[in-house]
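A.B. asks: Structure in structure tokens, see below.
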Number of protein chains: 8
Amino acid sequence: MQLTVYLAGQIHDDWRKEVEAKSKEQSLPLLFVGPQTNHERSDNVGKNILGEQPSNLYKDNAASDINNFRTQVLLKKSDVVIALFGEKFKQWNTAMDASTAIAMNIPTIIVRPTSLIHPLKELSNKANVTVESIDQAIEVISYIYE
Amino acid sequence: MQLTVYLAGQIHDDWRKEVEAKSKEQSLPLLFVGPQTNHERSDNVGKNILGEQPSNLYKDNAASDINNFRTQVLLKKSDVVIALFGEKFKQWNTAMDASTAIAMNIPTIIVRPTSLIHPLKELSNKANVTVESIDQAIEVISYIYE
Amino acid sequence: MQLTVYLAGQIHDDWRKEVEAKSKEQSLPLLFVGPQTNHERSDNVGKNILGEQPSNLYKDNAASDINNFRTQVLLKKSDVVIALFGEKFKQWNTAMDASTAIAMNIPTIIVRPTSLIHPLKELSNKANVTVESIDQAIEVISYIYE
Amino acid sequence: MQLTVYLAGQIHDDWRKEVEAKSKEQSLPLLFVGPQTNHERSDNVGKNILGEQPSNLYKDNAASDINNFRTQVLLKKSDVVIALFGEKFKQWNTAMDASTAIAMNIPTIIVRPTSLIHPLKELSNKANVTVESIDQAIEVISYIYE
Amino acid sequence: MQLTVYLAGQIHDDWRKEVEAKSKEQSLPLLFVGPQTNHERSDNVGKNILGEQPSNLYKDNAASDINNFRTQVLLKKSDVVIALFGEKFKQWNTAMDASTAIAMNIPTIIVRPTSLIHPLKELSNKANVTVESIDQAIEVISYIYE
Amino acid sequence: MQLTVYLAGQIHDDWRKEVEAKSKEQSLPLLFVGPQTNHERSDNVGKNILGEQPSNLYKDNAASDINNFRTQVLLKKSDVVIALFGEKFKQWNTAMDASTAIAMNIPTIIVRPTSLIHPLKELSNKANVTVESIDQAIEVISYIYE
Amino acid sequence: MQLTVYLAGQIHDDWRKEVEAKSKEQSLPLLFVGPQTNHERSDNVGKNILGEQPSNLYKDNAASDINNFRTQVLLKKSDVVIALFGEKFKQWNTAMDASTAIAMNIPTIIVRPTSLIHPLKELSNKANVTVESIDQAIEVISYIYE
Amino acid sequence: MQLTVYLAGQIHDDWRKEVEAKSKEQSLPLLFVGPQTNHERSDNVGKNILGEQPSNLYKDNAASDINNFRTQVLLKKSDVVIALFGEKFKQWNTAMDASTAIAMNIPTIIVRPTSLIHPLKELSNKANVTVESIDQAIEVISYIYE
């Protein structure tokens, strides 16, 4: 049984590749989807497609139109969400995607360092499982196939 | 027509009182609800009710059980959500509450300073209206009664 | 049993007052809600509350944020929708509100002149009842109380 | 990941073929569905199948039964809706299909000329993205696959 | 706690009055709603409001528009449905209303004579309770208040 | 695009075979499902599987458990419902299945002879399309593929 | 803001009275509802209303029809569920009511002795809060009003 | 038409293998899923993945996070649930899974010995079918394919 997994979270490093590589090693039948990970493309997609915008406010809003469109299409196709919070980039986007997934009844795993236990406590509590590493997240998904 | 308004966001200052006072001045028929605003009580409610916990992780989780219980009860009663993001306390809780409200089809207003335009762009885009001040948020709600 | 009725449609004449007056004559226990009927206020509410916008596109979008907020709050409170289409102002707004109401399972009455039978045929077909006059729409609602 | 795209909007020109051709050029894995595009067949399908109707009102209603049946079947299968509004044919149908899709939580792109910014402002505001050309609409969908 | 009870079923005798009288005797805090019970009015309401129709088919369809509108408004307000099937008038309407209520998760009681056990077996099985008399139906509702 | 079609209605003649044969002639990519059509098996399946029942009431209820189980599994898989009402067997089952499908937002076609126009008027009005023959029902579905 | 609280769990002792008395002491604006607490009446209500049944299986099923009817009516009216598990009576009913409430998105508190930690671990994990005493459950609800 | 069947219930014996073997004998096109059946792994999965926990309470809660995650993923993929209750292990888990499935509108079969008729009466009443043996459960599913 193949499962589609949405990888929500920061796009500043290549943690998604790590997830994909490690689940490949275990031959887990997973299809990974997620946001645009080219940061510049993600920020500029609004003006790239819709044209120059009058200020950063409008440029950001135009980009969000299209990023949210992408997320909504892919989240609706997903069986599981992994939402990773890193120490450096405290993105509200990730909280938004995880909360939306939970409200849509999609099983959700949060990955966060122990330094973020307190500020993420309510969201962790609503998610199904909270772990500290990508390895643990993959173990949780792998458990479905045991 | 009375409306119930959930005030999501930081509990470190008294912005909720400002909202209530200003809407009272305009005689808007609004009932305000929201999270526990006594910060210490909010953080300790788990151990206060459930007893001492083995570490901060468990103390936080116990508090979240009860804070999320409260939020779920009150959010389900709400017709409108105002979610305020301040410059100092970048709470994921607020993003979680706003995203949950949006997923529940509850009309949502975000209040945030211009410095947060970029990091909140996707969430602002999903909310109904984004404003920069409490006065503007009240104007938006007041518009329903014009 | 009081019912709340959303009056969707053009805001260029005072058809809503006619509905209210006629249902008052019959002592129907109805509470009427609807969009902002001051056309200038409706068009400018975005810039009035959020400030000047860079062009008409953005001004219109800002106004729509707030008009859609108002409609969503009130539509969720409504038991019935009357959507009136006139010959002069062929508003897509009205089709949007009626379609949204139908998708939300809110019983919907369409009022339209015979000249609009053909272009409105699919929407009329999805609504519960289509009539040609305000008097007929009130008769349909009044029938609930017989 | 193949996506099904419903193409809502006027059936008076061959814009759907343009969408299909251009997305084929980019090898996007899209399956396109939409309304009956033979205008005469669409208008007459009721009397063609159900028999002669007493007047245009009933003929139109009979056709709408079957056109709405078709749309409901196909919309429920769709992952994305593109709704095109042209300058010439101001169809309420298109607003109905787009609004229904949005209420069903199907991500929706509106294509409209700048001349229609004002009358479509509330609907554009509810859709995920509004663009001015078919090329832009395809770019938005193509962004999902980047 | 007042409950609203929809009384679905034949309109050829005055069984609804019996229900109301008997529940009044027991001082049950129930509000009863239901279809138009004036049979002639129910059959003619379409042409009464919408005008003469070309044939019985269209007259019946016009009446159904308005009868279904009424039922939808009232069913959505109801906490309980009692659906009565009599020996004489084997109405599909009643099966439709009961099935719709069950699909809407409204607790439903069926009243039917033993002669109808077999033809109603699947519907009885989906309803919460099936009884043979009005007295029993009232006992079931009365049990909520014990 | 293959569609699954549930064939609700009487099991006393072989109308389902006619539907299947005729849609095969037209090479429509349809998968047909429906109730148990062996009447004796359908009536006795409860006692066949669960054992002898104390009376016909309990035998019928046991059969309905299993017939309703089957219908629920298959209806949830269906894209379209055709519900046929014949002159001879006025089954409430068929009205139940059609009403349930409509409440589940499954597009529904009713087939009934003109003699049943009046008693089926409210259900016909809620269904998408009402036709008089199997040929017409197939034409309606075939229209999706034009 | 008055809240309705469903008290699920064993009916063998008077724990519900304790809940009511203690919340009255604190003047909490709560309306309590729950199952029939007269055990004999609860077990016999089926045969009391529907008549003698052929065996205990059918007597139990008849009682369940009516008990489930009552629960469904009252659970739909409830804002909060308290589900109490005692050491003596290990009722599946309570697990059923709690699970149904959770699936209906009703905030749920479980009360159970520490001896039941292990067998109730999955259900506790799905509920909002798990406590060991009635006093704690009331504290949790009382926290909403702080 | 392949169906996915979730096998809820005790993990202390190999009843699932019996189900699978017997349905294989009949060549039923069923895909079986279910909980972790290695009891020790199921109890320890929390500490295995998340690390040592401070006490059994926390160990159990950590295991439940992951067991509930697995169940939610698989239940959402399932077309049918078989929930088996044995005489020895009176698991609330099984009642929780069956109740959740019923609330999610997934057709559900309960298997239980006659000794459990009384304590399971309300849950049996809500399920589609209750049987006494695995053979009967398979017969019920097999009936879909007749």
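Each chain in the structure tokens gets a letter, A, B, ..., in the order shown, and its residues are numbered from 1; ligands are numbered from 1 in order too.
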Identify all chain G residues at most 10 Å from chain F by counting only C-alpha atoms; ligands do not count. Present them as a count of residues only.
C.D. replies: 4
A.B. asks: Give the strand (DSSP E or B) residues of chain B, as DSSP finds them on the backbone, and put them as a list in words.
C.D. replies: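 Taking chain B and keeping strand (DSSP E or B) gives Leu3, Thr4, Val5, Tyr6, Leu7, Ala8, Gly9, Leu30, Leu31, Phe32, Val33, Val80, Val81, Ile82, Ala83, Leu84, Thr108, Ile109, Ile110, Val111, Val129, Thr130 and Val131 of chain B.
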A.B. asks: What's the separation between atom CA of B:Ala8 and atom CA of B:Leu84, in Å to one decimal place?
C.D. replies: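 Calculated distance between atom CA of B:Ala8 and atom CA of B:Leu84 is 6.4 Å.
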A.B. asks: Could you write out, as number ranges by chain, all the residues of stretch 19-123 of chain A that DSSP marks as alpha helix (DSSP H)?
C.D. replies: A: 19-25, 39-50, 56-76, 92-103, 121-123
A.B. asks: I'd like the neighbourhood of stretch 105-108 of chain E as a PDB file with C-alpha atoms, in the first residue's frame, where a residue qualifies if any of its atoms comes within 10 Å (using only C-alpha atoms), though same-chain residues fewer than 6 positions away should be ignored.
C.D. replies:
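And here is the file that came out, result-v1.pdb:
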```pdb
ATOM      1  CA  VAL E   5     -39.518  17.057  16.017  1.00  0.00           C
ATOM      2  CA  TYR E   6     -40.247  16.740  12.294  1.00  0.00           C
ATOM      3  CA  LEU E  75     -35.525  19.298   8.647  1.00  0.00           C
ATOM      4  CA  LYS E  76     -32.313  21.244   9.244  1.00  0.00           C
ATOM      5  CA  SER E  78     -35.038  19.300  13.712  1.00  0.00           C
ATOM      6  CA  ASP E  79     -33.496  17.176  16.477  1.00  0.00           C
ATOM      7  CA  VAL E  80     -35.680  14.137  15.868  1.00  0.00           C
ATOM      8  CA  VAL E  81     -37.783  12.771  12.989  1.00  0.00           C
ATOM      9  CA  ILE E  82     -40.885  10.611  13.362  1.00  0.00           C
ATOM     10  CA  ALA E  83     -41.801   9.044  10.024  1.00  0.00           C
ATOM     11  CA  ALA E  98     -36.631   9.461   6.712  1.00  0.00           C
ATOM     12  CA  SER E  99     -33.633   8.481   4.580  1.00  0.00           C
ATOM     13  CA  SER E 124     -36.502   0.206   9.553  1.00  0.00           C
ATOM     14  CA  LYS E 126     -31.379   2.039   9.221  1.00  0.00           C
ATOM     15  CA  ALA E 127     -33.666   4.070  11.475  1.00  0.00           C
ATOM     16  CA  ASN E 128     -32.943   4.185  15.203  1.00  0.00           C
ATOM     17  CA  VAL E 129     -36.226   2.681  16.357  1.00  0.00           C
ATOM     18  CA  THR E 130     -39.266   1.210  14.632  1.00  0.00           C
TER      19      THR E 130
ATOM     20  CA  ASN G  68     -28.750   4.674  21.262  1.00  0.00           C
ATOM     21  CA  PHE G  69     -31.554   6.957  20.098  1.00  0.00           C
ATOM     22  CA  ARG G  70     -31.392   8.831  23.391  1.00  0.00           C
ATOM     23  CA  THR G  71     -27.607   9.076  23.327  1.00  0.00           C
ATOM     24  CA  GLN G  72     -27.515  10.349  19.759  1.00  0.00           C
ATOM     25  CA  VAL G  73     -30.058  13.086  20.478  1.00  0.00           C
ATOM     26  CA  LYS G  76     -25.448  16.138  19.328  1.00  0.00           C
TER      27      LYS G  76
ATOM     28  CA  ALA H 103     -18.748   7.494  12.976  1.00  0.00           C
TER      29      ALA H 103
END
```
